[in-house]
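Notes follow the structure.
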Amino acid sequence: MSDGSDRFGEAQAPGRTEDRRLLTGGGQFTDDFQLPEQAYAVFLRAQVAHAEIRAIDTTAAEAADGVLGIYTSADLQHLGTFPCSKPPVDRPGNALVVPPRHVLAVDRVRHVGEPIACVVAETYEAALDAAELIDLTLETLPAVQDVETAVAPDTVQLYPNADRNIAIDWAFGDTDAAAKAFNDAAHIARVTIDNNRLAVCAMEPRAAIASYDPEIDKYTLRSGSQGVMGMRDTLAGAILRIDKERVRVLSGDVGGGFGMKTQPYPEYAAILVAAKDLGRPVRWTATRGESFLSDNQARDGIIHGELALDADGRFLGLRASVLANMGAYLANGPGIATRNMAWCLSGMYALPVVQLNVQCIFTNTAPIGPYRGAGRPEASYVLERLVDQAAADLGCDPLDLRRKNLIPSSAMPFQTAVEQVYDSGDFAAVLDAALPVADWAGFRDRQRQSTARGKLRGIGIACVLEHAGANRAESARVDVDVDGRITVYTAAQSQGQGHFTSFAQLVAEQLGVAPETVLVCEGDSDTAPQGGSTTGSRSMAVCGGAFIEACDALVETGKEMAAHILEASTADIEFKDGRFLIAGTDRMVALREVASIAAAPGWPESLPASLAAAIDYEAVAPTYPNGCHICEVEIDPETGQTTLCRYAAVDDVGKIINPTIVDGQVHGAIVQGVGQVLTELCVYADDGQLLTGSFMDYAMPRADDVPSFDLAYHSVPCRTNALGVKGAGESGTIGALPAVSNAVMNALRQVGVQSFEMPASPERIWRALQHAAR
């Protein structure tokens with residue numbers, strides 16, 4: 001298989017074609033669409049974290065002006081419950097506890113913000129007023145919001161079949177081999193990490209518009225998603241319990257997803273039912289406050305890690321145990337905390353043994369779902385914090401320790417201890433390339449300058465690798481119309497990734513046509529081929545691979561059609577630069593002409609009726625993007641304020657199709673990693689009330705919190721796909737989390753601080769400094 005080295009030069013890469021439309025207000029997001037006779041939905045939500053529902057009286061609300069309908073769980077008993085991702089089976093009989101998650105709460109609420117009733121009215125204001133008239137009687141129960149309290153004996157039980165609130169106690173790796181490695185170790189480095197909970201905070205809040213056509217018995221949902229096919233299949237199969245052809249999902253422009261918009265939510269199903277019942281479209285748009293309460297949140301857990309080393313500093317093994325918060329219901333949290341983390345725990349290193357134990361814990365908080373990286377940042381974080389801790393313990397250079405344990409490029413393909421086979425990579429070269437980009441050699445001079453100003457300056461490094469593109473199946477369709485327009489259909493969904501640019505560029509290059517002649521069609525489950533979502537850094541490796549095969553199939557179909565037009569043998573037809581030609585002659589016919597001639601009367605029925613191709617594709621393997629990220633911070637000991645001074649990274653994302661888009665993806669991902677380390681934290685009170693329910697309390701990273709980034713690439717083409725590409729969308733987060741944390745820790749160690757908790761807010765850092773000074 002080609003390694004992709006002969007494809008796509010940077011000079012050919014166009015700028016992002018969608019930017020002008022989006023930046024000048026031409027975007028069409030869910031809330032921009034208006035339907036005739038639409039009604040408005042508002043949800044009555046739980047205001048306590050844990051309670052029995054004793055009564056719901058909607059009498060007064062139903063009599064309010066403009067109210068069209070009010071729905072509670074009693075009206076939705078025909079609906080199913082939401083599915084969740086499950087971890088791989090680790091041992092016989094160890095089943096995941098999956099409690100039912102209903103569209104509207106049944107008998108009990110388990111987190112603040114859980115929807116209890118849906119009010120539909122002529123206007124939003126009327127629906128909001130009526131929701132306040134619902135008489136809800138609750139019997140408040142004790143709540144639990146943190147994982148350590150949740151697993152304690154005699155604690156609050158969310159579900160009777162989940163003892164100590166444990167959804168699953170999951171194990172990975174060879175326990176005996178790990179025990180031997182640690183028994184034989186000359187040194188063991190240890191860290192305990194509080195993986196702070198995050199709110200996703202997509203720029204566009206969740207929104208949906210539902211309608212129902214009785215003539216064809218079909219539901220339509222317009223909503224921002226990360227893939228319409230998965231959304232449709234879940235809504236139809238699991239929730240509405242009807243044939244999937246009876247549900248159409250449409251997604252226009254999507255203002256950020258980051259994993260949070262992958263799955264359907266209760267609100268979507270409720271308004272679909274209301275739309276059918278009322279015979280009118282029903283729309284709902286979350287307020288920012290609702291988003292904080294009801295969107296899937298991210299991260300949240302406690303990680304204990306250990307790294308065993310021999311007397312020469314070689315890694316012998318890694319052990320980690322995790323208490324992972326799942327929230328009140330299971331979204332995709334179990335797969336994230338178990339499988340995703342396990343597959344990335346060996347990173348770039350020749351670690352012979354890896355053992356992981358994860359307890360997935362129910363609490364009275366919003367459900368945990370995927371968020372940029374989804375288990376992979378946790379793996380890189382604990383691994384790289386352990387490597388730095390080992391270097392500090394042993395008094396050795398963290399660069400030397402890493403170099404000593406990196407997998408050499410000559411070992412590729414490399415079988416890891418975490419069930420993965422790395423097909424490619426030159427990890428030592430990536431590390432070596434990053435040092436001059438970051439001016440590592442000049443750090444001591446900059447540190448002396450900071451010291452002279454009374455500041456603490458630290459430098460952090462992280463060598464990281466991720467497992468990308470786990471969902472390897474995808475379908476694609478390519479059509480050529482009579483005007484020469486090439487339309488490509490995909491189940492992927494852009495939320496800022498630039499699909500309309502990069503997919504068009506890819507297909508144009510493959511077919512030898514101008515990119516502006518290629519139209520990318522996504523966001524409609526009625527026209528999209530079956531496929532996965534835009535998640536897990538998979539789109540170019542998997543969808544791009546599907547497009548390559550579809551284009552190849554299109555060319556083969558076209559050769560048969562062109563042979564008829566040119567009165568030649570199919571075997572004599574070649575394809576080049578958008579034209580079919582008879583080998584050795586100047587006789588040719590263009591793609592557009594083939595499509596036009598085939599559409600005219602008299603075209604033989606024995607030949608393909610149109611110039612089109614549809615294929616089902618499965619990638620051979622995941623990809624393993626990797627990189628080295630280096631960060632410098634400066635801390636003011638008087639205030640605890642941490643300033644991010646410099647950030648450099650060298651990434652191996654395989655062959656780069658469009659450098660502008662890759663740079664943008666890495667930039668955004670770095671900032672999201674920085675946000676977790678320095679500013680972001682979801683805080684729940686002991687009674688389960690969310691204390692950080694607005695941007696007044698939840699600190700998002702701002703433009704002036706980060707410097708300009710120095711980025712470079714050391715591309716080693718992937719050997720398991722035709723394009724040679726690797727995932728790029730999450731590498732920045734996976735690198736930033738440990739790099740920034742290691743920089744903060746490097747600065748704090750100078751004054752005796754041995755640990756800190758994320759986020760490194762001024763108060764937390766100041767307190768850590770005061771404690772060390774005692």
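Residues in the structure tokens are numbered from 1 in each chain, the chains being A, B, ... in the order shown, and ligands are numbered from 1 in the order shown.
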Counting only C-alpha atoms, which residues of range 243-296 of chain A fall within 9 Å of range 225-234 of chain A, and what is the closest atom pair for each with its distance in Å at one decimal, ordered by chain and rising number, as a Markdown table?
| residue | atom | partner | partner_atom | distance |
| --- | --- | --- | --- | --- |
| A:Asp243 | CA | A:Asp233 | CA | 8.8 |
| A:Lys244 | CA | A:Asp233 | CA | 5.8 |
| A:Glu245 | CA | A:Arg232 | CA | 8.8 |
| A:Val247 | CA | A:Arg232 | CA | 6.3 |
| A:Arg248 | CA | A:Arg232 | CA | 6.6 |
| A:Val249 | CA | A:Val228 | CA | 5.7 |
| A:Leu250 | CA | A:Val228 | CA | 6.6 |
| A:Ser251 | CA | A:Ser225 | CA | 6.1 |
| A:Gly252 | CA | A:Ser225 | CA | 8.7 |
| A:Val254 | CA | A:Ser225 | CA | 6.9 |
| A:Gly257 | CA | A:Gln226 | CA | 6.6 |
| A:Phe258 | CA | A:Gln226 | CA | 8.6 |
| A:Gly259 | CA | A:Gln226 | CA | 7.5 |
| A:Met260 | CA | A:Gln226 | CA | 8.6 |
| A:Lys261 | CA | A:Ser225 | CA | 5.1 |
| A:Thr262 | CA | A:Gln226 | CA | 5.0 |
| A:Gln263 | CA | A:Met231 | CA | 5.9 |
| A:Pro264 | CA | A:Met231 | CA | 5.8 |
Please, which residues of range 212-419 of chain A, numbered as in this document, come out strand (DSSP E) from DSSP, as an mmCIF file with N, CA, C and O atoms, in the first residue's frame?
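This is the output file out05.cif:
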data_model
loop_
_atom_site.group_PDB
_atom_site.id
_atom_site.type_symbol
_atom_site.label_atom_id
_atom_site.label_comp_id
_atom_site.auth_asym_id
_atom_site.auth_seq_id
_atom_site.Cartn_x
_atom_site.Cartn_y
_atom_site.Cartn_z
ATOM 1 N N TYR A 212 -43.349 16.725 11.837
ATOM 2 C CA TYR A 212 -43.864 15.399 11.487
ATOM 3 C C TYR A 212 -44.777 15.536 10.285
ATOM 4 O O TYR A 212 -45.625 16.433 10.239
ATOM 5 N N ASP A 213 -44.577 14.662 9.302
ATOM 6 C CA ASP A 213 -45.392 14.664 8.096
ATOM 7 C C ASP A 213 -46.318 13.452 8.128
ATOM 8 O O ASP A 213 -45.876 12.314 7.912
ATOM 9 N N LYS A 218 -43.526 10.406 8.724
ATOM 10 C CA LYS A 218 -42.085 10.591 8.901
ATOM 11 C C LYS A 218 -41.790 11.787 9.790
ATOM 12 O O LYS A 218 -42.382 12.853 9.646
ATOM 13 N N TYR A 219 -40.849 11.580 10.709
ATOM 14 C CA TYR A 219 -40.371 12.639 11.595
ATOM 15 C C TYR A 219 -39.143 13.308 10.965
ATOM 16 O O TYR A 219 -38.319 12.633 10.329
ATOM 17 N N THR A 220 -39.002 14.607 11.208
ATOM 18 C CA THR A 220 -37.789 15.325 10.815
ATOM 19 C C THR A 220 -37.286 16.110 12.015
ATOM 20 O O THR A 220 -38.051 16.823 12.673
ATOM 21 N N LEU A 221 -36.010 15.954 12.288
ATOM 22 C CA LEU A 221 -35.364 16.718 13.355
ATOM 23 C C LEU A 221 -34.204 17.491 12.753
ATOM 24 O O LEU A 221 -33.319 16.905 12.123
ATOM 25 N N ARG A 222 -34.230 18.796 12.936
ATOM 26 C CA ARG A 222 -33.098 19.630 12.556
ATOM 27 C C ARG A 222 -32.356 20.000 13.828
ATOM 28 O O ARG A 222 -32.922 20.629 14.728
ATOM 29 N N SER A 223 -31.095 19.612 13.894
ATOM 30 C CA SER A 223 -30.324 19.876 15.104
ATOM 31 C C SER A 223 -28.838 19.812 14.796
ATOM 32 O O SER A 223 -28.406 19.009 13.954
ATOM 33 N N VAL A 247 -37.351 8.442 10.144
ATOM 34 C CA VAL A 247 -36.767 9.603 10.823
ATOM 35 C C VAL A 247 -35.724 10.225 9.903
ATOM 36 O O VAL A 247 -34.868 9.528 9.345
ATOM 37 N N ARG A 248 -35.827 11.518 9.731
ATOM 38 C CA ARG A 248 -34.826 12.269 8.983
ATOM 39 C C ARG A 248 -34.166 13.262 9.933
ATOM 40 O O ARG A 248 -34.854 13.996 10.648
ATOM 41 N N VAL A 249 -32.851 13.289 9.935
ATOM 42 C CA VAL A 249 -32.099 14.242 10.749
ATOM 43 C C VAL A 249 -31.326 15.167 9.826
ATOM 44 O O VAL A 249 -30.646 14.707 8.897
ATOM 45 N N LEU A 250 -31.452 16.462 10.069
ATOM 46 C CA LEU A 250 -30.758 17.485 9.284
ATOM 47 C C LEU A 250 -29.850 18.292 10.210
ATOM 48 O O LEU A 250 -30.271 18.698 11.296
ATOM 49 N N VAL A 282 -42.143 22.040 16.277
ATOM 50 C CA VAL A 282 -41.832 22.491 17.637
ATOM 51 C C VAL A 282 -40.333 22.747 17.712
ATOM 52 O O VAL A 282 -39.530 21.893 17.324
ATOM 53 N N ARG A 283 -39.966 23.904 18.233
ATOM 54 C CA ARG A 283 -38.545 24.264 18.314
ATOM 55 C C ARG A 283 -38.125 24.466 19.764
ATOM 56 O O ARG A 283 -38.933 24.827 20.638
ATOM 57 N N TRP A 284 -36.846 24.221 20.004
ATOM 58 C CA TRP A 284 -36.272 24.437 21.340
ATOM 59 C C TRP A 284 -34.814 24.834 21.178
ATOM 60 O O TRP A 284 -34.084 24.232 20.380
ATOM 61 N N THR A 285 -34.408 25.859 21.899
ATOM 62 C CA THR A 285 -33.011 26.266 21.942
ATOM 63 C C THR A 285 -32.616 26.436 23.397
ATOM 64 O O THR A 285 -33.294 27.134 24.161
ATOM 65 N N GLY A 301 -12.478 12.876 37.651
ATOM 66 C CA GLY A 301 -12.092 11.635 38.307
ATOM 67 C C GLY A 301 -10.800 11.818 39.069
ATOM 68 O O GLY A 301 -10.181 12.882 39.058
ATOM 69 N N ILE A 302 -10.413 10.766 39.741
ATOM 70 C CA ILE A 302 -9.155 10.752 40.488
ATOM 71 C C ILE A 302 -8.309 9.610 39.947
ATOM 72 O O ILE A 302 -8.779 8.470 39.834
ATOM 73 N N ILE A 303 -7.069 9.920 39.595
ATOM 74 C CA ILE A 303 -6.171 8.946 38.989
ATOM 75 C C ILE A 303 -4.948 8.784 39.882
ATOM 76 O O ILE A 303 -4.272 9.768 40.213
ATOM 77 N N HIS A 304 -4.683 7.556 40.253
ATOM 78 C CA HIS A 304 -3.448 7.212 40.960
ATOM 79 C C HIS A 304 -2.551 6.471 39.976
ATOM 80 O O HIS A 304 -2.957 5.450 39.408
ATOM 81 N N GLY A 305 -1.342 6.959 39.770
ATOM 82 C CA GLY A 305 -0.434 6.334 38.812
ATOM 83 C C GLY A 305 0.893 5.976 39.432
ATOM 84 O O GLY A 305 1.386 6.667 40.337
ATOM 85 N N GLU A 306 1.479 4.886 38.944
ATOM 86 C CA GLU A 306 2.792 4.433 39.399
ATOM 87 C C GLU A 306 3.617 4.014 38.188
ATOM 88 O O GLU A 306 3.102 3.356 37.285
ATOM 89 N N LEU A 307 4.898 4.380 38.187
ATOM 90 C CA LEU A 307 5.822 4.003 37.122
ATOM 91 C C LEU A 307 7.022 3.316 37.741
ATOM 92 O O LEU A 307 7.699 3.883 38.600
ATOM 93 N N ALA A 308 7.289 2.093 37.313
ATOM 94 C CA ALA A 308 8.416 1.315 37.813
ATOM 95 C C ALA A 308 9.609 1.466 36.883
ATOM 96 O O ALA A 308 9.481 1.362 35.660
ATOM 97 N N LEU A 309 10.797 1.694 37.470
ATOM 98 C CA LEU A 309 12.021 1.864 36.705
ATOM 99 C C LEU A 309 13.112 0.966 37.268
ATOM 100 O O LEU A 309 13.150 0.703 38.486
ATOM 101 N N PHE A 315 12.038 1.935 31.859
ATOM 102 C CA PHE A 315 10.687 1.710 32.366
ATOM 103 C C PHE A 315 10.396 0.209 32.382
ATOM 104 O O PHE A 315 10.588 -0.487 31.379
ATOM 105 N N LEU A 316 9.921 -0.270 33.519
ATOM 106 C CA LEU A 316 9.557 -1.669 33.670
ATOM 107 C C LEU A 316 8.047 -1.890 33.586
ATOM 108 O O LEU A 316 7.596 -2.962 33.175
ATOM 109 N N GLY A 317 7.283 -0.911 33.996
ATOM 110 C CA GLY A 317 5.833 -1.083 33.971
ATOM 111 C C GLY A 317 5.117 0.126 34.520
ATOM 112 O O GLY A 317 5.704 0.982 35.193
ATOM 113 N N LEU A 318 3.840 0.210 34.192
ATOM 114 C CA LEU A 318 2.985 1.297 34.664
ATOM 115 C C LEU A 318 1.702 0.707 35.228
ATOM 116 O O LEU A 318 1.137 -0.227 34.642
ATOM 117 N N ARG A 319 1.284 1.246 36.360
ATOM 118 C CA ARG A 319 -0.017 0.881 36.938
ATOM 119 C C ARG A 319 -0.812 2.149 37.197
ATOM 120 O O ARG A 319 -0.252 3.160 37.626
ATOM 121 N N ALA A 320 -2.100 2.067 36.942
ATOM 122 C CA ALA A 320 -2.975 3.200 37.237
ATOM 123 C C ALA A 320 -4.306 2.685 37.730
ATOM 124 O O ALA A 320 -4.804 1.650 37.261
ATOM 125 N N SER A 321 -4.862 3.408 38.689
ATOM 126 C CA SER A 321 -6.220 3.119 39.158
ATOM 127 C C SER A 321 -7.016 4.411 39.091
ATOM 128 O O SER A 321 -6.501 5.487 39.411
ATOM 129 N N VAL A 322 -8.264 4.297 38.664
ATOM 130 C CA VAL A 322 -9.074 5.476 38.374
ATOM 131 C C VAL A 322 -10.444 5.338 39.013
ATOM 132 O O VAL A 322 -11.096 4.278 38.909
ATOM 133 N N LEU A 323 -10.869 6.395 39.675
ATOM 134 C CA LEU A 323 -12.274 6.568 40.048
ATOM 135 C C LEU A 323 -12.843 7.571 39.061
ATOM 136 O O LEU A 323 -12.517 8.760 39.104
ATOM 137 N N ALA A 324 -13.664 7.104 38.116
ATOM 138 C CA ALA A 324 -14.153 7.949 37.032
ATOM 139 C C ALA A 324 -15.616 8.292 37.251
ATOM 140 O O ALA A 324 -16.467 7.398 37.330
ATOM 141 N N ASN A 325 -15.910 9.560 37.332
ATOM 142 C CA ASN A 325 -17.277 10.025 37.536
ATOM 143 C C ASN A 325 -18.075 9.855 36.241
ATOM 144 O O ASN A 325 -17.650 10.309 35.183
ATOM 145 N N MET A 326 -19.222 9.214 36.324
ATOM 146 C CA MET A 326 -20.107 9.025 35.171
ATOM 147 C C MET A 326 -21.280 9.981 35.191
ATOM 148 O O MET A 326 -22.015 10.076 34.206
ATOM 149 N N GLY A 327 -21.494 10.681 36.317
ATOM 150 C CA GLY A 327 -22.713 11.461 36.456
ATOM 151 C C GLY A 327 -23.875 10.559 36.827
ATOM 152 O O GLY A 327 -23.717 9.404 37.229
ATOM 153 N N VAL A 354 1.590 -2.795 31.254
ATOM 154 C CA VAL A 354 0.662 -1.732 31.652
ATOM 155 C C VAL A 354 -0.551 -2.378 32.301
ATOM 156 O O VAL A 354 -1.133 -3.315 31.744
ATOM 157 N N GLN A 355 -0.918 -1.888 33.455
ATOM 158 C CA GLN A 355 -2.114 -2.382 34.139
ATOM 159 C C GLN A 355 -2.990 -1.196 34.526
ATOM 160 O O GLN A 355 -2.506 -0.182 35.028
ATOM 161 N N LEU A 356 -4.272 -1.325 34.271
ATOM 162 C CA LEU A 356 -5.224 -0.259 34.566
ATOM 163 C C LEU A 356 -6.448 -0.837 35.241
ATOM 164 O O LEU A 356 -6.977 -1.868 34.812
ATOM 165 N N ASN A 357 -6.879 -0.181 36.298
ATOM 166 C CA ASN A 357 -8.152 -0.525 36.938
ATOM 167 C C ASN A 357 -9.011 0.731 36.982
ATOM 168 O O ASN A 357 -8.556 1.793 37.409
ATOM 169 N N VAL A 358 -10.248 0.613 36.521
ATOM 170 C CA VAL A 358 -11.157 1.752 36.472
ATOM 171 C C VAL A 358 -12.472 1.378 37.144
ATOM 172 O O VAL A 358 -13.090 0.362 36.796
ATOM 173 N N GLN A 359 -12.893 2.199 38.068
ATOM 174 C CA GLN A 359 -14.234 2.092 38.630
ATOM 175 C C GLN A 359 -15.045 3.269 38.101
ATOM 176 O O GLN A 359 -14.691 4.429 38.324
ATOM 177 N N CYS A 360 -16.112 2.962 37.373
ATOM 178 C CA CYS A 360 -17.016 3.979 36.844
ATOM 179 C C CYS A 360 -18.113 4.226 37.869
ATOM 180 O O CYS A 360 -18.817 3.283 38.260
ATOM 181 N N ILE A 361 -18.259 5.479 38.291
ATOM 182 C CA ILE A 361 -19.048 5.799 39.477
ATOM 183 C C ILE A 361 -20.231 6.704 39.129
ATOM 184 O O ILE A 361 -20.075 7.723 38.449
ATOM 185 N N PHE A 362 -21.413 6.327 39.635
ATOM 186 C CA PHE A 362 -22.593 7.187 39.518
ATOM 187 C C PHE A 362 -22.566 8.264 40.600
ATOM 188 O O PHE A 362 -22.241 7.989 41.764
ATOM 189 N N PHE A 414 5.253 -1.768 15.846
ATOM 190 C CA PHE A 414 5.574 -2.110 17.233
ATOM 191 C C PHE A 414 4.332 -2.579 17.966
ATOM 192 O O PHE A 414 3.325 -1.862 18.027
ATOM 193 N N GLN A 415 4.415 -3.765 18.529
ATOM 194 C CA GLN A 415 3.322 -4.302 19.352
ATOM 195 C C GLN A 415 3.467 -3.775 20.772
ATOM 196 O O GLN A 415 4.464 -4.026 21.445
#
Expected answer as a ChimeraX atom specification: alpha helix (DSSP H) residues in range 618-683 of chain A
/A:659-678
Mind writing the picked residues with C-alpha atoms as a compact mmCIF listing (two decimals), in the first residue's frame?
# COMPACT_ATOMS: atom_id res chain seq x y z
CA PRO A 659 -1.78 22.85 6.48
CA THR A 660 -4.08 25.76 7.34
CA ILE A 661 -6.76 23.42 8.64
CA VAL A 662 -4.29 21.29 10.59
CA ASP A 663 -2.76 24.38 12.20
CA GLY A 664 -6.23 25.57 13.19
CA GLN A 665 -7.12 22.23 14.70
CA VAL A 666 -3.91 22.11 16.73
CA HIS A 667 -4.33 25.73 17.89
CA GLY A 668 -7.86 25.17 19.17
CA ALA A 669 -7.02 21.88 20.82
CA ILE A 670 -4.04 23.38 22.65
CA VAL A 671 -6.22 26.13 24.08
CA GLN A 672 -8.74 23.59 25.34
CA GLY A 673 -5.93 21.72 27.10
CA VAL A 674 -4.63 24.98 28.54
CA GLY A 675 -8.13 25.77 29.77
CA GLN A 676 -8.30 22.57 31.80
CA VAL A 677 -4.90 23.16 33.40
CA LEU A 678 -5.23 26.86 34.19
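Closest approach to Tyr349 in chain A among A:Ala298, A:Cys463, A:Val147, A:Leu330 is made by A:Cys463 (distances from only C-alpha atoms).
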For Pro738 in chain A, find every residue with an atom within 9 Å (counting only C-alpha atoms), except residues of its own chain fewer than 3 positions away, and show them as a PyMOL selection string.
chain A and resi 377-378+380-385+460-464+629+673+677+734-735+741-743
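Compared by their closest atoms to Leu737 in chain A, and using only C-alpha atoms, the residues A:Met758, A:Ile459, A:Ile70, A:Ile765 rank with A:Met758 nearest.
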Which is closest to Tyr713 in chain A among A:Arg339, A:His771, A:Arg764, A:Lys655, if we use only C-alpha atoms?
A:Lys655
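The protein and nucleic acid residues lying at most 6 Å from Gly654 in chain A are Asp652, Ser715, Val716, Pro717, Cys718, Gly724, Val725 and Lys726 of chain A, with only C-alpha atoms considered and sequence neighbours fewer than 2 positions away removed.
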Write the selection just made, keeping C-alpha atoms, as a PDB file, in the first residue's frame?
ATOM      1  CA  ASP A 652       3.433  13.855  13.516  1.00  0.00           C
ATOM      2  CA  SER A 715       5.377  13.847   9.275  1.00  0.00           C
ATOM      3  CA  VAL A 716       5.867  10.115   9.046  1.00  0.00           C
ATOM      4  CA  PRO A 717       3.191   8.792   6.675  1.00  0.00           C
ATOM      5  CA  CYS A 718       0.772   6.276   8.126  1.00  0.00           C
ATOM      6  CA  GLY A 724      -0.803   8.334   4.739  1.00  0.00           C
ATOM      7  CA  VAL A 725      -2.707  10.617   7.126  1.00  0.00           C
ATOM      8  CA  LYS A 726      -3.112  10.391  10.884  1.00  0.00           C
TER       9      LYS A 726
END
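Minimum distance to Asp300 in chain A across A:Cys628, A:Leu519, A:Val437, A:Leu681 (counting only C-alpha atoms) occurs at A:Leu681.
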At a cut-off of 9 Å, using only C-alpha atoms, what residues contact Ala772 in chain A? Leave out same-chain residues fewer than 3 positions from it and give the result as an mmCIF file with C-alpha atoms, in the first residue's frame.
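Saved as result-v2.cif:
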data_model
loop_
_atom_site.group_PDB
_atom_site.id
_atom_site.type_symbol
_atom_site.label_atom_id
_atom_site.label_comp_id
_atom_site.auth_asym_id
_atom_site.auth_seq_id
_atom_site.Cartn_x
_atom_site.Cartn_y
_atom_site.Cartn_z
ATOM 1 C CA VAL A 751 10.284 26.411 46.154
ATOM 2 C CA GLY A 752 9.412 22.991 47.547
ATOM 3 C CA VAL A 753 5.872 22.503 46.236
ATOM 4 C CA GLN A 754 5.421 18.824 45.409
ATOM 5 C CA ARG A 767 -2.180 28.354 48.760
ATOM 6 C CA ALA A 768 0.251 25.676 47.554
ATOM 7 C CA LEU A 769 3.095 28.179 47.835
#
Here is a test: counting only C-alpha atoms, which residue of A:Thr679, A:Gln493, A:Asn658, A:Ser475 is nearest to Ile615 in chain A?
A:Ser475
9 Å contact set for range 14-28 of chain A, only C-alpha atoms, chain neighbours under 2 positions out, as a PyMOL selection string
chain A and resi 10-12+30-33+252-254+498-502+505+515+658+660-661
Please report the interatomic distance between CA of Tyr489 in chain A and CA of Glu560 in chain A in Å with one decimal.
22.8 Å
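For the pair CA of Gly584 in chain A and CA of Lys559 in chain A, the interatomic distance is 15.4 Å.
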re CA of Ile271 in chain A and CA of Glu62 in chain A: distance 17.0 Å
